[in-house]
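Structure, as C-alpha cells:
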Amino acid sequence: CESAHRAGSAGWRTIMGLEVLSVILRWFSVRLLLFSAALLVPLSACSGGGDVSPTAPRAPSSAQVEFDSFNLVNGARSQNSVDPQLELRETLTRVAREHSRAMRDQNFFSHQDPQGRTVGERLAEAGITFRVAAENLARTTNIPDPATWAHDQLMQSTEHRPNILNPDFELVGVGVVERDGTYWITQVFVGF
C-alpha cells in the first residue's frame, strides 16, 4: 500500500507540474499574442490600408506639397532676414492651382497659358487687385520630396529666387496638382 501511495503522490506531482506548466505556457502565449498584435496595429494604421513597401515610399498628397512649399518659402525668407513673412491666401492658391492643373491637362510648362495669359492677367480675371505680382513654376517627377526639391531648384535660379525673397510681396498662393508621380507646382506672389 505504501508503494502505491508513493506512486500516487509522484503521479499527482507530475499532473500538478503539467498543470502549472500549462498555465505558464498559456500566460506566455497570451502575452506573445498581445505583443504581436501591438506591433501589427501601428503598421496597418500607418499604411492607410494599402500595401506598404520599404522601397516605394508613399507619394505625398498635393495638399501636403502645397503646405510644405509655403513653409519652405517663409523659411527661406526668415533665413535671409526678409520681412514680412508671407501670408497664404486661398484666392491666390486657387489661381495657382488652376494654372498647375492647366499645365498638366494641356501639356505645357510656361508662365503663359496656351491662351497667352500671364499671371497678372489670370489674377485680374479672378478679381484680385495688386501692385506687384510674380510667379514661380516647378515640375518634378518621381521625387520623394517634391516640395523640397522644387524649392531648392527655385532658390538656385537667378529668375525665381528674387520672387521668394522680395520684401514687396506680402501674400502667396501655392497650387499643386499631381498625376502618376509628377507634380506641377505654381507659386503666385502678390504685393499691394
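By order of appearance in the C-alpha cells: chains A, B, ..., then residues from 1 within every chain, and ligands from 1 in the order shown.
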
Filtered DSSP result for segment 95-138 of chain A, state strand (DSSP E), as a list in words: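 Assigned to strand (DSSP E), within segment 95-138 of chain A: Val132, Ala133, Ala134, Glu135, Asn136, Leu137 and Ala138 of chain A.
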
Take the residues from that selection and put them in a file with C-alpha atoms, as a PDB file, in the first residue's frame.
```pdb
ATOM      1  CA  VAL A 132       3.162  93.781 -57.967  1.00  0.00           C
ATOM      2  CA  ALA A 133       2.861  90.093 -58.801  1.00  0.00           C
ATOM      3  CA  ALA A 134       5.179  87.271 -59.787  1.00  0.00           C
ATOM      4  CA  GLU A 135       5.046  83.543 -60.334  1.00  0.00           C
ATOM      5  CA  ASN A 136       7.376  80.583 -59.826  1.00  0.00           C
ATOM      6  CA  LEU A 137       6.840  77.235 -61.544  1.00  0.00           C
ATOM      7  CA  ALA A 138       8.351  73.831 -60.908  1.00  0.00           C
TER       8      ALA A 138
END
```

Nearest-residue call for Arg131 of chain A, choices A:Val73, A:Met155, A:Ile185, A:Leu171, using only C-alpha atoms: A:Leu171

Close residues, Ala76 of chain A itself excluded, 10 Å, only C-alpha atoms, min 4 positions apart in chain, as a ChimeraX atom specification: /A:71-72,80-82,85,151,155,161,164-165

Residue contacts of Ile143 of chain A (10 Å, only C-alpha atoms) excluding same-chain residues fewer than 4 positions away, as number ranges by chain: A: 59, 147-150, 181-183

Given only C-alpha atoms as the counted atoms, nearest of A:Ser62, A:Thr129, A:Gln106, A:Asn166 to Asp145 of chain A: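 Of the candidates, the smallest distance to Asp145 of chain A is held by A:Ser62.
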
What residues in segment 46-153 of chain A get the DSSP label helix (DSSP H, G or I)? Please answer as a tab-separated table (two decimals) with N, CA and C atoms, in the first residue's frame.
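Now in part10.tsv:
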```
chain	number	residue	atom	x	y	z
A	46	CYS	N	-0.53	52.96	-40.12
A	46	CYS	CA	0.29	53.85	-40.91
A	46	CYS	C	0.14	53.61	-42.40
A	47	SER	N	-0.22	52.41	-42.76
A	47	SER	CA	-0.26	52.08	-44.18
A	47	SER	C	-1.48	52.62	-44.88
A	62	SER	N	-1.03	66.32	-52.89
A	62	SER	CA	-0.84	67.67	-53.43
A	62	SER	C	-0.98	68.72	-52.33
A	63	ALA	N	-1.95	68.51	-51.44
A	63	ALA	CA	-2.14	69.45	-50.32
A	63	ALA	C	-0.91	69.51	-49.43
A	64	GLN	N	-0.27	68.36	-49.18
A	64	GLN	CA	0.94	68.34	-48.36
A	64	GLN	C	2.08	69.08	-49.05
A	65	VAL	N	2.21	68.91	-50.36
A	65	VAL	CA	3.26	69.61	-51.11
A	65	VAL	C	3.00	71.12	-51.09
A	66	GLU	N	1.74	71.53	-51.19
A	66	GLU	CA	1.40	72.96	-51.10
A	66	GLU	C	1.82	73.51	-49.74
A	67	PHE	N	1.45	72.80	-48.68
A	67	PHE	CA	1.78	73.23	-47.32
A	67	PHE	C	3.30	73.30	-47.11
A	68	ASP	N	4.00	72.26	-47.54
A	68	ASP	CA	5.46	72.24	-47.39
A	68	ASP	C	6.12	73.35	-48.19
A	69	SER	N	5.64	73.59	-49.41
A	69	SER	CA	6.21	74.65	-50.25
A	69	SER	C	6.05	76.01	-49.60
A	70	PHE	N	4.85	76.26	-49.06
A	70	PHE	CA	4.60	77.52	-48.36
A	70	PHE	C	5.57	77.70	-47.20
A	71	ASN	N	5.73	76.67	-46.39
A	71	ASN	CA	6.65	76.75	-45.24
A	71	ASN	C	8.09	76.93	-45.67
A	72	LEU	N	8.49	76.29	-46.75
A	72	LEU	CA	9.87	76.45	-47.25
A	72	LEU	C	10.12	77.87	-47.73
A	73	VAL	N	9.14	78.48	-48.39
A	73	VAL	CA	9.28	79.86	-48.85
A	73	VAL	C	9.46	80.79	-47.65
A	74	ASN	N	8.61	80.66	-46.65
A	74	ASN	CA	8.76	81.53	-45.47
A	74	ASN	C	10.03	81.21	-44.70
A	75	GLY	N	10.44	79.95	-44.69
A	75	GLY	CA	11.72	79.59	-44.05
A	75	GLY	C	12.89	80.27	-44.74
A	76	ALA	N	12.87	80.32	-46.07
A	76	ALA	CA	13.94	81.00	-46.81
A	76	ALA	C	13.93	82.49	-46.53
A	77	ARG	N	12.74	83.07	-46.42
A	77	ARG	CA	12.65	84.49	-46.10
A	77	ARG	C	13.22	84.76	-44.71
A	78	SER	N	12.92	83.90	-43.75
A	78	SER	CA	13.47	84.06	-42.39
A	78	SER	C	14.99	83.93	-42.40
A	79	GLN	N	15.50	82.92	-43.07
A	79	GLN	CA	16.96	82.70	-43.13
A	79	GLN	C	17.69	83.87	-43.77
A	90	GLU	N	-6.12	81.80	-49.88
A	90	GLU	CA	-6.83	80.78	-50.66
A	90	GLU	C	-7.17	81.28	-52.05
A	91	THR	N	-7.50	82.57	-52.20
A	91	THR	CA	-7.82	83.09	-53.54
A	91	THR	C	-6.62	82.97	-54.47
A	92	LEU	N	-5.43	83.24	-53.96
A	92	LEU	CA	-4.21	83.10	-54.76
A	92	LEU	C	-3.90	81.62	-55.01
A	93	THR	N	-4.16	80.79	-54.01
A	93	THR	CA	-3.93	79.35	-54.16
A	93	THR	C	-4.82	78.79	-55.26
A	94	ARG	N	-6.05	79.27	-55.36
A	94	ARG	CA	-6.95	78.78	-56.42
A	94	ARG	C	-6.40	79.15	-57.80
A	95	VAL	N	-5.91	80.38	-57.95
A	95	VAL	CA	-5.32	80.81	-59.23
A	95	VAL	C	-4.09	79.96	-59.54
A	96	ALA	N	-3.25	79.74	-58.53
A	96	ALA	CA	-2.03	78.94	-58.73
A	96	ALA	C	-2.38	77.49	-59.07
A	97	ARG	N	-3.34	76.93	-58.35
A	97	ARG	CA	-3.72	75.53	-58.58
A	97	ARG	C	-4.33	75.35	-59.97
A	98	GLU	N	-5.13	76.32	-60.39
A	98	GLU	CA	-5.74	76.24	-61.73
A	98	GLU	C	-4.66	76.29	-62.82
A	99	HIS	N	-3.62	77.09	-62.61
A	99	HIS	CA	-2.54	77.14	-63.60
A	99	HIS	C	-1.78	75.81	-63.62
A	100	SER	N	-1.52	75.25	-62.44
A	100	SER	CA	-0.87	73.93	-62.38
A	100	SER	C	-1.73	72.88	-63.09
A	101	ARG	N	-3.01	72.91	-62.85
A	101	ARG	CA	-3.93	71.95	-63.48
A	101	ARG	C	-3.93	72.13	-65.00
A	102	ALA	N	-3.95	73.38	-65.46
A	102	ALA	CA	-3.94	73.65	-66.90
A	102	ALA	C	-2.64	73.13	-67.53
A	103	MET	N	-1.50	73.35	-66.86
A	103	MET	CA	-0.23	72.85	-67.39
A	103	MET	C	-0.25	71.33	-67.51
A	104	ARG	N	-0.78	70.67	-66.49
A	104	ARG	CA	-0.86	69.21	-66.52
A	104	ARG	C	-1.81	68.74	-67.62
A	105	ASP	N	-3.01	69.29	-67.65
A	105	ASP	CA	-4.04	68.79	-68.55
A	105	ASP	C	-3.84	69.19	-70.00
A	106	GLN	N	-3.20	70.35	-70.22
A	106	GLN	CA	-2.99	70.84	-71.60
A	106	GLN	C	-1.56	70.62	-72.08
A	119	VAL	N	0.45	85.64	-65.46
A	119	VAL	CA	-0.03	85.59	-64.08
A	119	VAL	C	-0.84	86.83	-63.74
A	120	GLY	N	-0.41	87.99	-64.19
A	120	GLY	CA	-1.15	89.22	-63.92
A	120	GLY	C	-2.55	89.19	-64.51
A	121	GLU	N	-2.65	88.67	-65.72
A	121	GLU	CA	-3.97	88.58	-66.37
A	121	GLU	C	-4.86	87.54	-65.68
A	122	ARG	N	-4.26	86.44	-65.26
A	122	ARG	CA	-5.05	85.41	-64.56
A	122	ARG	C	-5.54	85.94	-63.20
A	123	LEU	N	-4.70	86.72	-62.52
A	123	LEU	CA	-5.11	87.32	-61.25
A	123	LEU	C	-6.25	88.33	-61.46
A	124	ALA	N	-6.11	89.16	-62.48
A	124	ALA	CA	-7.14	90.16	-62.76
A	124	ALA	C	-8.47	89.48	-63.10
A	125	GLU	N	-8.42	88.39	-63.88
A	125	GLU	CA	-9.64	87.66	-64.22
A	125	GLU	C	-10.31	87.07	-62.98
A	146	PRO	N	8.89	66.27	-53.29
A	146	PRO	CA	8.81	67.25	-54.37
A	146	PRO	C	8.89	68.70	-53.91
A	147	ALA	N	8.35	69.02	-52.74
A	147	ALA	CA	8.38	70.41	-52.27
A	147	ALA	C	9.81	70.88	-52.03
A	148	THR	N	10.59	70.07	-51.35
A	148	THR	CA	11.98	70.46	-51.06
A	148	THR	C	12.81	70.52	-52.33
A	149	TRP	N	12.64	69.54	-53.21
A	149	TRP	CA	13.41	69.54	-54.46
A	149	TRP	C	13.08	70.79	-55.27
A	150	ALA	N	11.79	71.09	-55.44
A	150	ALA	CA	11.39	72.27	-56.21
A	150	ALA	C	11.91	73.54	-55.57
A	151	HIS	N	11.79	73.63	-54.25
A	151	HIS	CA	12.27	74.83	-53.54
A	151	HIS	C	13.77	75.03	-53.76
A	152	ASP	N	14.53	73.95	-53.63
A	152	ASP	CA	15.98	74.06	-53.85
A	152	ASP	C	16.29	74.54	-55.27
A	153	GLN	N	15.58	74.02	-56.26
A	153	GLN	CA	15.80	74.45	-57.65
A	153	GLN	C	15.44	75.92	-57.83
```

Straight-line distance linking atom CA of Asn107 of chain A with atom CA of His160 of chain A, stated in Å to one decimal: 21.9 Å
